[in-house]
2 protein chains.
Amino acid sequence: MTAIKESSTIQENKRYALDQCPVTYAMEKIGGYWKPIILFHLSSGSKRYSELKRAIPAVTEKMLIQHLKQLEADHLIVRKSKPVVPPFVTYSLSASGRGLMEAIDAMALWAISDLKSKGHKRQTKRKAA
Amino acid sequence: MTAIKESSTIQENKRYALDQCPVTYAMEKIGGYWKPIILFHLSSGSKRYSELKRAIPAVTEKMLIQHLKQLEADHLIVRKSKPVVPPFVTYSLSASGRGLMEAIDAMALWAISDLKSKGHKRQTKRKAA
DNA sequence: CTTTGTACTTACTTTTATACAAGTACTTAC
DNA sequence: GTAAGTACTTGTATAAAAGTAAGTACAAAG
């Protein structure tokens, strides 16, 4: 699952940042291109692995699984598998994951208003056109 | 400022994620080990470059400047310089940056409660010890 | 008896992010 | 005249993150 080197300065600095700043802690858990998107898809209910794969066609299986495993290890999502063939595995948000969604929503709201205000600025510029 | 390759799959995916997900947009702006910490230090008022450097001793000058420049380019902070020698440069949060701080605070709150609930679980485990 | 589908895993390459180290221009203090 | 302080810049190395491609086990469908 992408090996990391325990003894690098970058890891030390991560620990430093983690101590200084809970935001870094939160971003560790939702950092990665696909994690917010996965979380979004799960926010509307539990999904099978193959459903997620089809819902996000641009992601490779490796990345999808890797992020799902990380989210599970961080207790943001819950994996349930039925011991049948073919396998039947579903993923859903945990209580902690639902809690994070509120913070994520706040970020989304900021992003939308930021994009909007940029748009206005562009419009203001060409008022005489 | 760390060259990126316009034509890579990873850049295409970033664009895809940006379209799908405003959260990715927000995380682009606060991603990077030091950005949340810089923002935190500026949240208590404007600071000189050298003050920031002293406040965050673990960061290298290259990273500090790079992040400051990116934050400035994203209009989250404002740079003001007096044309004197030695130079006198201060950084402060912009209106947009202050708006983001609310979302960042929500993440911090989640992180703190997440850490707390982990602590409780660990305590519950050793109730008979 | 080959193909399809499920949910993964593994090995390898490319791209991006960060760290390390040194240099710049200018001036005041010593 | 050299050392220190300001706010940077540049080059290179290393680590981490993401992508590419292929393989696994099992069963049902054709």
# chains A, B, ... in the order shown; residues from 1 in each chain; ligands from 1

call {"tool": "closest_atom_pairs", "arguments": {"of": "chain B", "to": "chain D", "cutoff": "9 Å", "atoms": "only C-alpha atoms (C1' of nucleotides)", "output": "CSV"}}
result
residue,atom,partner,partner_atom,distance
B:Thr9,CA,D:DG19,C1',7.4
B:Ile10,CA,D:DA18,C1',6.7
B:Tyr49,CA,D:DA7,C1',7.4
B:Ser50,CA,D:DT6,C1',7.9
B:Glu61,CA,D:DC8,C1',8.6
B:Lys62,CA,D:DT9,C1',8.6
B:Ile65,CA,D:DC8,C1',7.9
B:Val85,CA,D:DT6,C1',7.8
B:Pro86,CA,D:DT6,C1',5.0
B:Pro87,CA,D:DT6,C1',5.4
B:Phe88,CA,D:DT6,C1',7.4
B:Val89,CA,D:DA7,C1',7.7

call {"tool": "write_last_selection", "arguments": {"atoms": "N, CA and C atoms", "output": "CSV table (one decimal), in the first residue's frame"}}
result
chain,number,residue,atom,x,y,z
B,9,THR,N,-1.6,12.2,-16.9
B,9,THR,CA,-2.8,11.7,-16.5
B,9,THR,C,-3.2,12.3,-15.2
B,10,ILE,N,-2.2,12.4,-14.3
B,10,ILE,CA,-2.5,12.9,-13.0
B,10,ILE,C,-3.1,14.3,-13.0
B,49,TYR,N,7.6,38.3,7.1
B,49,TYR,CA,8.2,37.1,6.6
B,49,TYR,C,9.1,36.4,7.7
B,50,SER,N,9.9,37.2,8.3
B,50,SER,CA,10.9,36.7,9.2
B,50,SER,C,10.2,36.2,10.5
B,61,GLU,N,13.1,27.7,4.1
B,61,GLU,CA,12.8,29.0,3.5
B,61,GLU,C,12.1,28.8,2.1
B,62,LYS,N,12.6,27.8,1.4
B,62,LYS,CA,12.0,27.5,0.1
B,62,LYS,C,10.6,27.2,0.2
B,65,ILE,N,8.4,30.2,1.4
B,65,ILE,CA,8.1,31.2,0.3
B,65,ILE,C,7.2,30.6,-0.7
B,85,VAL,N,15.2,49.4,2.5
B,85,VAL,CA,16.3,48.5,2.7
B,85,VAL,C,16.8,48.6,4.1
B,86,PRO,N,16.8,47.5,4.9
B,86,PRO,CA,16.3,46.1,4.5
B,86,PRO,C,14.8,46.0,4.2
B,87,PRO,N,14.4,45.1,3.4
B,87,PRO,CA,13.0,44.9,3.0
B,87,PRO,C,12.1,44.7,4.2
B,88,PHE,N,10.9,45.3,4.1
B,88,PHE,CA,9.9,45.1,5.1
B,88,PHE,C,8.6,44.6,4.5
B,89,VAL,N,8.3,43.3,4.6
B,89,VAL,CA,7.2,42.6,4.0
B,89,VAL,C,6.3,42.0,5.0

call {"tool": "interface_residues", "arguments": {"of": "chain C", "to": "chain B", "cutoff": "8 Å", "atoms": "only C-alpha atoms (C1' of nucleotides)", "output": "list in words"}}
result
DT15, DT16, DT18, DA19, DC26 and DT27 of chain C

call {"tool": "write_last_selection", "arguments": {"atoms": "C-alpha atoms (C1' of nucleotides)", "output": "short mmCIF file (atom, residue, chain, number, x, y, z; two decimals), in the first residue's frame"}}
result
data_model
loop_
_atom_site.label_atom_id
_atom_site.label_comp_id
_atom_site.auth_asym_id
_atom_site.auth_seq_id
_atom_site.Cartn_x
_atom_site.Cartn_y
_atom_site.Cartn_z
"C1'" DT C 15 4.90 12.71 -11.77
"C1'" DT C 16 4.79 15.74 -7.95
"C1'" DT C 18 9.40 18.30 -0.12
"C1'" DA C 19 14.22 18.75 1.78
"C1'" DC C 26 21.55 45.83 -0.16
"C1'" DT C 27 22.59 48.24 4.37
#

call {"tool": "interface_residues", "arguments": {"of": "chain B", "to": "chain A", "cutoff": "7 Å", "atoms": "only C-alpha atoms", "output": "list in words"}}
result
Lys14, Ala17, Cys21, Pro22, Val23, Tyr25, Ala26, Tyr33, Pro36, Ile37, Gly99, Leu100, Ala103, Ile104, Ala106, Met107, Ala108, Trp110, Ala111 and Ile112 of chain B

call {"tool": "calpha_fit_and_write", "arguments": {"fixed": "chain B", "moving": "chain A", "output": "compact mmCIF listing (two decimals) with N, CA and C atoms, in the first residue's frame"}}
result
# COMPACT_ATOMS: atom_id res chain seq x y z
N MET A 1 8.97 27.44 -9.27
CA MET A 1 8.02 27.06 -8.21
C MET A 1 7.49 25.65 -8.41
N THR A 2 8.41 24.67 -8.54
CA THR A 2 8.05 23.27 -8.75
C THR A 2 7.19 23.10 -10.01
N ALA A 3 7.88 22.86 -11.11
CA ALA A 3 7.20 22.76 -12.40
C ALA A 3 6.25 21.56 -12.44
N ILE A 4 5.10 21.73 -13.06
CA ILE A 4 4.18 20.62 -13.26
C ILE A 4 4.00 20.38 -14.74
N LYS A 5 3.68 19.15 -15.07
CA LYS A 5 3.59 18.78 -16.47
C LYS A 5 2.13 18.86 -16.90
N GLU A 6 1.85 19.81 -17.76
CA GLU A 6 0.46 20.08 -18.15
C GLU A 6 -0.24 18.85 -18.74
N SER A 7 0.51 17.99 -19.40
CA SER A 7 -0.11 16.94 -20.21
C SER A 7 -0.18 15.57 -19.54
N SER A 8 0.01 15.50 -18.23
CA SER A 8 0.00 14.19 -17.57
C SER A 8 -1.41 13.76 -17.18
N THR A 9 -1.60 12.45 -17.09
CA THR A 9 -2.89 11.92 -16.68
C THR A 9 -3.29 12.46 -15.32
N ILE A 10 -2.29 12.61 -14.48
CA ILE A 10 -2.54 13.07 -13.12
C ILE A 10 -3.14 14.48 -13.11
N GLN A 11 -2.71 15.29 -14.06
CA GLN A 11 -3.28 16.63 -14.19
C GLN A 11 -4.71 16.58 -14.75
N GLU A 12 -4.91 15.69 -15.70
CA GLU A 12 -6.27 15.50 -16.23
C GLU A 12 -7.21 15.06 -15.13
N ASN A 13 -6.73 14.12 -14.31
CA ASN A 13 -7.56 13.61 -13.23
C ASN A 13 -7.84 14.70 -12.20
N LYS A 14 -6.87 15.59 -12.00
CA LYS A 14 -7.08 16.69 -11.08
C LYS A 14 -8.21 17.57 -11.59
N ARG A 15 -8.17 17.82 -12.89
CA ARG A 15 -9.25 18.64 -13.48
C ARG A 15 -10.60 17.94 -13.34
N TYR A 16 -10.58 16.62 -13.57
CA TYR A 16 -11.81 15.83 -13.40
C TYR A 16 -12.33 15.97 -11.98
N ALA A 17 -11.43 15.78 -11.01
CA ALA A 17 -11.81 15.87 -9.61
C ALA A 17 -12.31 17.27 -9.27
N LEU A 18 -11.69 18.27 -9.86
CA LEU A 18 -12.09 19.65 -9.63
C LEU A 18 -13.50 19.90 -10.13
N ASP A 19 -13.83 19.31 -11.28
CA ASP A 19 -15.17 19.44 -11.83
C ASP A 19 -16.18 18.76 -10.93
N GLN A 20 -15.85 17.54 -10.53
CA GLN A 20 -16.78 16.71 -9.77
C GLN A 20 -16.99 17.25 -8.36
N CYS A 21 -15.99 17.95 -7.82
CA CYS A 21 -15.93 18.06 -6.37
C CYS A 21 -15.27 19.36 -5.90
N PRO A 22 -16.08 20.27 -5.39
CA PRO A 22 -15.54 21.53 -4.88
C PRO A 22 -14.56 21.32 -3.73
N VAL A 23 -14.68 20.18 -3.04
CA VAL A 23 -13.78 19.92 -1.92
C VAL A 23 -12.34 19.81 -2.43
N THR A 24 -12.19 19.19 -3.58
CA THR A 24 -10.86 19.09 -4.18
C THR A 24 -10.30 20.47 -4.48
N TYR A 25 -11.17 21.35 -4.92
CA TYR A 25 -10.78 22.74 -5.18
C TYR A 25 -10.24 23.39 -3.90
N ALA A 26 -10.97 23.19 -2.81
CA ALA A 26 -10.54 23.79 -1.54
C ALA A 26 -9.23 23.15 -1.06
N MET A 27 -9.12 21.87 -1.26
CA MET A 27 -7.92 21.19 -0.76
C MET A 27 -6.69 21.53 -1.58
N GLU A 28 -6.88 21.83 -2.83
CA GLU A 28 -5.77 22.33 -3.65
C GLU A 28 -5.14 23.55 -2.99
N LYS A 29 -5.99 24.34 -2.35
CA LYS A 29 -5.52 25.62 -1.83
C LYS A 29 -4.93 25.52 -0.43
N ILE A 30 -5.34 24.50 0.31
CA ILE A 30 -4.76 24.36 1.65
C ILE A 30 -3.94 23.09 1.79
N GLY A 31 -3.76 22.37 0.67
CA GLY A 31 -2.90 21.19 0.70
C GLY A 31 -1.45 21.61 0.77
N GLY A 32 -0.63 20.78 1.31
CA GLY A 32 0.77 21.14 1.56
C GLY A 32 0.97 21.20 3.05
N TYR A 33 2.05 20.58 3.50
CA TYR A 33 2.26 20.42 4.93
C TYR A 33 2.11 21.69 5.74
N TRP A 34 2.56 22.81 5.17
CA TRP A 34 2.70 24.00 6.01
C TRP A 34 1.58 25.00 5.85
N LYS A 35 0.77 24.84 4.83
CA LYS A 35 -0.24 25.87 4.57
C LYS A 35 -1.22 26.07 5.72
N PRO A 36 -1.78 24.99 6.30
CA PRO A 36 -2.69 25.23 7.41
C PRO A 36 -1.99 25.92 8.58
N ILE A 37 -0.73 25.59 8.79
CA ILE A 37 0.02 26.18 9.90
C ILE A 37 0.30 27.65 9.64
N ILE A 38 0.65 27.98 8.41
CA ILE A 38 0.86 29.38 8.03
C ILE A 38 -0.43 30.16 8.24
N LEU A 39 -1.53 29.60 7.75
CA LEU A 39 -2.83 30.25 7.87
C LEU A 39 -3.17 30.48 9.35
N PHE A 40 -2.87 29.47 10.16
CA PHE A 40 -3.13 29.61 11.58
C PHE A 40 -2.36 30.78 12.18
N HIS A 41 -1.08 30.88 11.84
CA HIS A 41 -0.27 31.96 12.39
C HIS A 41 -0.76 33.32 11.92
N LEU A 42 -1.27 33.38 10.69
CA LEU A 42 -1.77 34.66 10.18
C LEU A 42 -3.16 34.99 10.72
N SER A 43 -3.85 33.96 11.25
CA SER A 43 -5.21 34.22 11.72
C SER A 43 -5.22 35.14 12.94
N SER A 44 -4.09 35.24 13.62
CA SER A 44 -4.02 36.14 14.78
C SER A 44 -3.48 37.52 14.40
N GLY A 45 -3.39 37.79 13.12
CA GLY A 45 -2.94 39.11 12.70
C GLY A 45 -1.81 39.02 11.68
N SER A 46 -1.51 40.13 11.03
CA SER A 46 -0.49 40.10 9.98
C SER A 46 0.90 39.91 10.58
N LYS A 47 1.73 39.24 9.80
CA LYS A 47 3.08 38.91 10.28
C LYS A 47 4.11 39.21 9.20
N ARG A 48 5.31 39.56 9.63
CA ARG A 48 6.42 39.71 8.70
C ARG A 48 6.90 38.33 8.27
N TYR A 49 7.56 38.28 7.14
CA TYR A 49 8.14 37.03 6.65
C TYR A 49 9.05 36.40 7.71
N SER A 50 9.91 37.22 8.28
CA SER A 50 10.87 36.68 9.25
C SER A 50 10.18 36.21 10.53
N GLU A 51 9.07 36.82 10.87
CA GLU A 51 8.31 36.38 12.04
C GLU A 51 7.74 34.98 11.81
N LEU A 52 7.21 34.77 10.61
CA LEU A 52 6.68 33.45 10.26
C LEU A 52 7.79 32.41 10.30
N LYS A 53 8.91 32.78 9.77
CA LYS A 53 10.05 31.87 9.72
C LYS A 53 10.44 31.44 11.13
N ARG A 54 10.47 32.41 12.03
CA ARG A 54 10.83 32.08 13.41
C ARG A 54 9.72 31.31 14.11
N ALA A 55 8.48 31.60 13.73
CA ALA A 55 7.34 30.92 14.38
C ALA A 55 7.26 29.45 13.96
N ILE A 56 7.75 29.13 12.79
CA ILE A 56 7.71 27.76 12.27
C ILE A 56 9.13 27.33 11.91
N PRO A 57 9.93 26.99 12.91
CA PRO A 57 11.35 26.77 12.66
C PRO A 57 11.63 25.57 11.76
N ALA A 58 10.71 24.61 11.74
CA ALA A 58 10.97 23.37 11.00
C ALA A 58 10.85 23.55 9.48
N VAL A 59 10.22 24.62 9.05
CA VAL A 59 10.02 24.79 7.61
C VAL A 59 11.27 25.43 6.99
N THR A 60 11.60 24.99 5.78
CA THR A 60 12.72 25.61 5.08
C THR A 60 12.22 26.88 4.39
N GLU A 61 13.17 27.78 4.11
CA GLU A 61 12.78 29.03 3.46
C GLU A 61 12.12 28.76 2.12
N LYS A 62 12.63 27.79 1.40
CA LYS A 62 12.05 27.49 0.10
C LYS A 62 10.57 27.15 0.20
N MET A 63 10.26 26.26 1.12
CA MET A 63 8.87 25.81 1.29
C MET A 63 8.00 26.95 1.79
N LEU A 64 8.53 27.73 2.75
CA LEU A 64 7.75 28.83 3.30
C LEU A 64 7.39 29.83 2.20
N ILE A 65 8.37 30.24 1.44
CA ILE A 65 8.10 31.20 0.36
C ILE A 65 7.17 30.60 -0.68
N GLN A 66 7.45 29.35 -1.05
CA GLN A 66 6.65 28.71 -2.08
C GLN A 66 5.17 28.70 -1.69
N HIS A 67 4.92 28.32 -0.43
CA HIS A 67 3.54 28.27 0.03
C HIS A 67 2.94 29.67 0.16
N LEU A 68 3.74 30.62 0.62
CA LEU A 68 3.24 31.99 0.71
C LEU A 68 2.86 32.51 -0.69
N LYS A 69 3.69 32.23 -1.67
CA LYS A 69 3.40 32.69 -3.03
C LYS A 69 2.12 32.04 -3.56
N GLN A 70 1.97 30.74 -3.27
CA GLN A 70 0.77 30.04 -3.73
C GLN A 70 -0.48 30.59 -3.05
N LEU A 71 -0.39 30.80 -1.74
CA LEU A 71 -1.52 31.35 -1.00
C LEU A 71 -1.88 32.74 -1.53
N GLU A 72 -0.84 33.50 -1.87
CA GLU A 72 -1.08 34.84 -2.41
C GLU A 72 -1.73 34.74 -3.80
N ALA A 73 -1.20 33.83 -4.63
CA ALA A 73 -1.76 33.65 -5.98
C ALA A 73 -3.22 33.20 -5.90
N ASP A 74 -3.56 32.45 -4.85
CA ASP A 74 -4.93 31.99 -4.66
C ASP A 74 -5.79 33.01 -3.92
N HIS A 75 -5.22 34.17 -3.64
CA HIS A 75 -5.94 35.26 -2.99
C HIS A 75 -6.42 34.92 -1.58
N LEU A 76 -5.71 34.02 -0.91
CA LEU A 76 -6.08 33.72 0.48
C LEU A 76 -5.35 34.64 1.44
N ILE A 77 -4.19 35.12 1.02
CA ILE A 77 -3.43 36.07 1.84
C ILE A 77 -3.03 37.27 0.99
N VAL A 78 -2.64 38.34 1.69
CA VAL A 78 -2.24 39.57 1.01
C VAL A 78 -0.82 39.91 1.42
N ARG A 79 0.01 40.23 0.45
CA ARG A 79 1.40 40.60 0.71
C ARG A 79 1.55 42.10 0.57
N LYS A 80 2.16 42.71 1.57
CA LYS A 80 2.43 44.16 1.49
C LYS A 80 3.91 44.38 1.74
N SER A 81 4.56 45.11 0.83
CA SER A 81 5.98 45.36 1.02
C SER A 81 6.27 46.85 0.99
N LYS A 82 7.13 47.28 1.92
CA LYS A 82 7.60 48.67 1.89
C LYS A 82 8.92 48.69 1.12
N PRO A 83 9.07 49.60 0.20
CA PRO A 83 10.27 49.64 -0.64
C PRO A 83 11.44 50.26 0.11
N VAL A 84 11.91 49.57 1.14
CA VAL A 84 13.03 50.07 1.94
C VAL A 84 14.10 48.99 2.02
N VAL A 85 15.27 49.39 2.47
CA VAL A 85 16.33 48.43 2.71
C VAL A 85 16.76 48.57 4.16
N PRO A 86 16.76 47.44 4.91
CA PRO A 86 16.34 46.09 4.53
C PRO A 86 14.85 46.00 4.25
N PRO A 87 14.41 45.05 3.41
CA PRO A 87 13.00 44.94 3.02
C PRO A 87 12.07 44.73 4.21
N PHE A 88 10.86 45.22 4.08
CA PHE A 88 9.86 45.06 5.13
C PHE A 88 8.59 44.55 4.47
N VAL A 89 8.32 43.24 4.65
CA VAL A 89 7.20 42.59 3.98
C VAL A 89 6.28 41.96 5.01
N THR A 90 5.00 42.23 4.90
CA THR A 90 4.05 41.59 5.81
C THR A 90 3.00 40.81 5.02
N TYR A 91 2.52 39.77 5.67
CA TYR A 91 1.47 38.93 5.09
C TYR A 91 0.27 38.94 6.02
N SER A 92 -0.92 38.96 5.44
CA SER A 92 -2.13 38.88 6.26
C SER A 92 -3.23 38.15 5.50
N LEU A 93 -4.23 37.71 6.23
CA LEU A 93 -5.34 36.99 5.60
C LEU A 93 -6.19 37.94 4.76
N SER A 94 -6.65 37.48 3.62
CA SER A 94 -7.63 38.23 2.83
C SER A 94 -9.03 37.87 3.32
N ALA A 95 -10.04 38.54 2.78
CA ALA A 95 -11.41 38.21 3.15
C ALA A 95 -11.71 36.75 2.82
N SER A 96 -11.28 36.33 1.64
CA SER A 96 -11.49 34.95 1.23
C SER A 96 -10.77 33.98 2.18
N GLY A 97 -9.57 34.35 2.57
CA GLY A 97 -8.80 33.53 3.51
C GLY A 97 -9.50 33.40 4.85
N ARG A 98 -10.09 34.51 5.32
CA ARG A 98 -10.81 34.44 6.59
C ARG A 98 -12.03 33.54 6.45
N GLY A 99 -12.66 33.58 5.27
CA GLY A 99 -13.79 32.68 5.02
C GLY A 99 -13.38 31.23 5.07
N LEU A 100 -12.24 30.93 4.50
CA LEU A 100 -11.76 29.54 4.52
C LEU A 100 -11.47 29.08 5.94
N MET A 101 -11.05 30.01 6.80
CA MET A 101 -10.72 29.64 8.18
C MET A 101 -11.91 28.98 8.88
N GLU A 102 -13.12 29.38 8.51
CA GLU A 102 -14.29 28.76 9.14
C GLU A 102 -14.36 27.27 8.79
N ALA A 103 -14.12 26.97 7.51
CA ALA A 103 -14.12 25.56 7.10
C ALA A 103 -12.97 24.81 7.77
N ILE A 104 -11.86 25.49 7.87
CA ILE A 104 -10.69 24.88 8.50
C ILE A 104 -10.97 24.60 9.98
N ASP A 105 -11.65 25.53 10.62
CA ASP A 105 -12.01 25.33 12.02
C ASP A 105 -12.91 24.11 12.18
N ALA A 106 -13.82 23.92 11.22
CA ALA A 106 -14.70 22.75 11.28
C ALA A 106 -13.89 21.46 11.21
N MET A 107 -12.87 21.48 10.39
CA MET A 107 -12.01 20.30 10.28
C MET A 107 -11.26 20.07 11.59
N ALA A 108 -10.79 21.15 12.17
CA ALA A 108 -10.04 21.05 13.42
C ALA A 108 -10.94 20.48 14.52
N LEU A 109 -12.19 20.96 14.57
CA LEU A 109 -13.12 20.45 15.58
C LEU A 109 -13.35 18.96 15.40
N TRP A 110 -13.54 18.53 14.16
CA TRP A 110 -13.73 17.11 13.90
C TRP A 110 -12.50 16.32 14.37
N ALA A 111 -11.33 16.84 14.02
CA ALA A 111 -10.08 16.14 14.36
C ALA A 111 -9.95 15.97 15.86
N ILE A 112 -10.27 17.02 16.59
CA ILE A 112 -10.14 16.98 18.04
C ILE A 112 -11.11 15.96 18.64
N SER A 113 -12.34 15.97 18.14
CA SER A 113 -13.32 15.02 18.69
C SER A 113 -12.98 13.59 18.27
N ASP A 114 -12.40 13.44 17.08
CA ASP A 114 -12.01 12.11 16.63
C ASP A 114 -10.89 11.57 17.50
N LEU A 115 -9.92 12.42 17.81
CA LEU A 115 -8.81 12.01 18.66
C LEU A 115 -9.32 11.64 20.06
N LYS A 116 -10.28 12.45 20.52
CA LYS A 116 -10.84 12.21 21.85
C LYS A 116 -11.56 10.87 21.90
N SER A 117 -12.36 10.60 20.89
CA SER A 117 -13.12 9.34 20.90
C SER A 117 -12.19 8.14 20.81
N LYS A 118 -11.10 8.29 20.10
CA LYS A 118 -10.10 7.22 20.09
C LYS A 118 -9.54 6.99 21.48
N GLY A 119 -9.25 8.10 22.16
CA GLY A 119 -8.75 8.01 23.53
C GLY A 119 -9.71 7.27 24.43
N HIS A 120 -11.02 7.58 24.30
CA HIS A 120 -12.02 6.91 25.13
C HIS A 120 -12.03 5.41 24.89
N LYS A 121 -11.95 5.05 23.60
CA LYS A 121 -11.96 3.63 23.27
C LYS A 121 -10.82 2.91 23.95
N ARG A 122 -9.65 3.59 23.94
CA ARG A 122 -8.49 2.98 24.56
C ARG A 122 -8.72 2.85 26.07
N GLN A 123 -9.35 3.88 26.66
CA GLN A 123 -9.63 3.84 28.09
C GLN A 123 -10.63 2.73 28.44
N THR A 124 -11.67 2.61 27.62
CA THR A 124 -12.68 1.61 27.88
C THR A 124 -12.08 0.21 27.93
N LYS A 125 -11.12 0.01 27.06
CA LYS A 125 -10.49 -1.29 26.97
C LYS A 125 -9.86 -1.73 28.29
N ARG A 126 -9.24 -0.75 28.97
CA ARG A 126 -8.49 -1.14 30.18
C ARG A 126 -9.26 -0.76 31.46
N LYS A 127 -10.60 -0.95 31.42
CA LYS A 127 -11.41 -0.54 32.57
C LYS A 127 -11.18 -1.46 33.77
N ALA A 128 -10.76 -2.69 33.50
CA ALA A 128 -10.59 -3.64 34.59
C ALA A 128 -9.14 -3.69 35.10
N ALA A 129 -8.29 -2.90 34.49
CA ALA A 129 -6.86 -2.98 34.84
C ALA A 129 -6.56 -2.55 36.27

call {"tool": "select_by_dssp", "arguments": {"residues": "chain A", "states": "strand (DSSP E)", "output": "number ranges by chain"}}
result
A: 47-48, 77-82, 88-93

call {"tool": "write_last_selection", "arguments": {"atoms": "N, CA and C atoms", "output": "tab-separated table (two decimals), in the first residue's frame"}}
result
chain	number	residue	atom	x	y	z
A	47	LYS	N	-22.57	1.48	-0.76
A	47	LYS	CA	-22.37	1.08	-2.16
A	47	LYS	C	-21.47	-0.14	-2.24
A	48	ARG	N	-21.68	-0.96	-3.27
A	48	ARG	CA	-20.77	-2.06	-3.54
A	48	ARG	C	-19.49	-1.52	-4.16
A	77	ILE	N	-15.03	4.84	7.05
A	77	ILE	CA	-16.02	4.01	6.36
A	77	ILE	C	-15.98	2.60	6.96
A	78	VAL	N	-17.05	1.85	6.67
A	78	VAL	CA	-17.17	0.49	7.18
A	78	VAL	C	-17.31	-0.47	6.00
A	79	ARG	N	-16.55	-1.53	6.02
A	79	ARG	CA	-16.59	-2.54	4.96
A	79	ARG	C	-17.35	-3.76	5.46
A	80	LYS	N	-18.31	-4.20	4.67
A	80	LYS	CA	-19.04	-5.43	5.03
A	80	LYS	C	-18.97	-6.39	3.86
A	81	SER	N	-18.55	-7.62	4.13
A	81	SER	CA	-18.46	-8.59	3.04
A	81	SER	C	-19.26	-9.84	3.37
A	82	LYS	N	-19.99	-10.33	2.36
A	82	LYS	CA	-20.67	-11.62	2.52
A	82	LYS	C	-19.76	-12.70	1.95
A	88	PHE	N	-19.40	-10.32	-2.38
A	88	PHE	CA	-20.37	-9.23	-2.25
A	88	PHE	C	-19.90	-8.33	-1.12
A	89	VAL	N	-19.33	-7.17	-1.48
A	89	VAL	CA	-18.73	-6.28	-0.50
A	89	VAL	C	-19.37	-4.90	-0.60
A	90	THR	N	-19.79	-4.37	0.53
A	90	THR	CA	-20.34	-3.02	0.52
A	90	THR	C	-19.56	-2.11	1.46
A	91	TYR	N	-19.55	-0.85	1.09
A	91	TYR	CA	-18.88	0.17	1.90
A	91	TYR	C	-19.91	1.22	2.30
A	92	SER	N	-19.80	1.71	3.53
A	92	SER	CA	-20.70	2.79	3.96
A	92	SER	C	-19.98	3.70	4.95
A	93	LEU	N	-20.53	4.87	5.15
A	93	LEU	CA	-19.92	5.83	6.07
A	93	LEU	C	-20.07	5.37	7.52

call {"tool": "select_by_dssp", "arguments": {"residues": "chain A", "states": "alpha helix (DSSP H)", "output": "number ranges by chain"}}
result
A: 9-20, 22-30, 35-43, 49-55, 61-73, 95-125
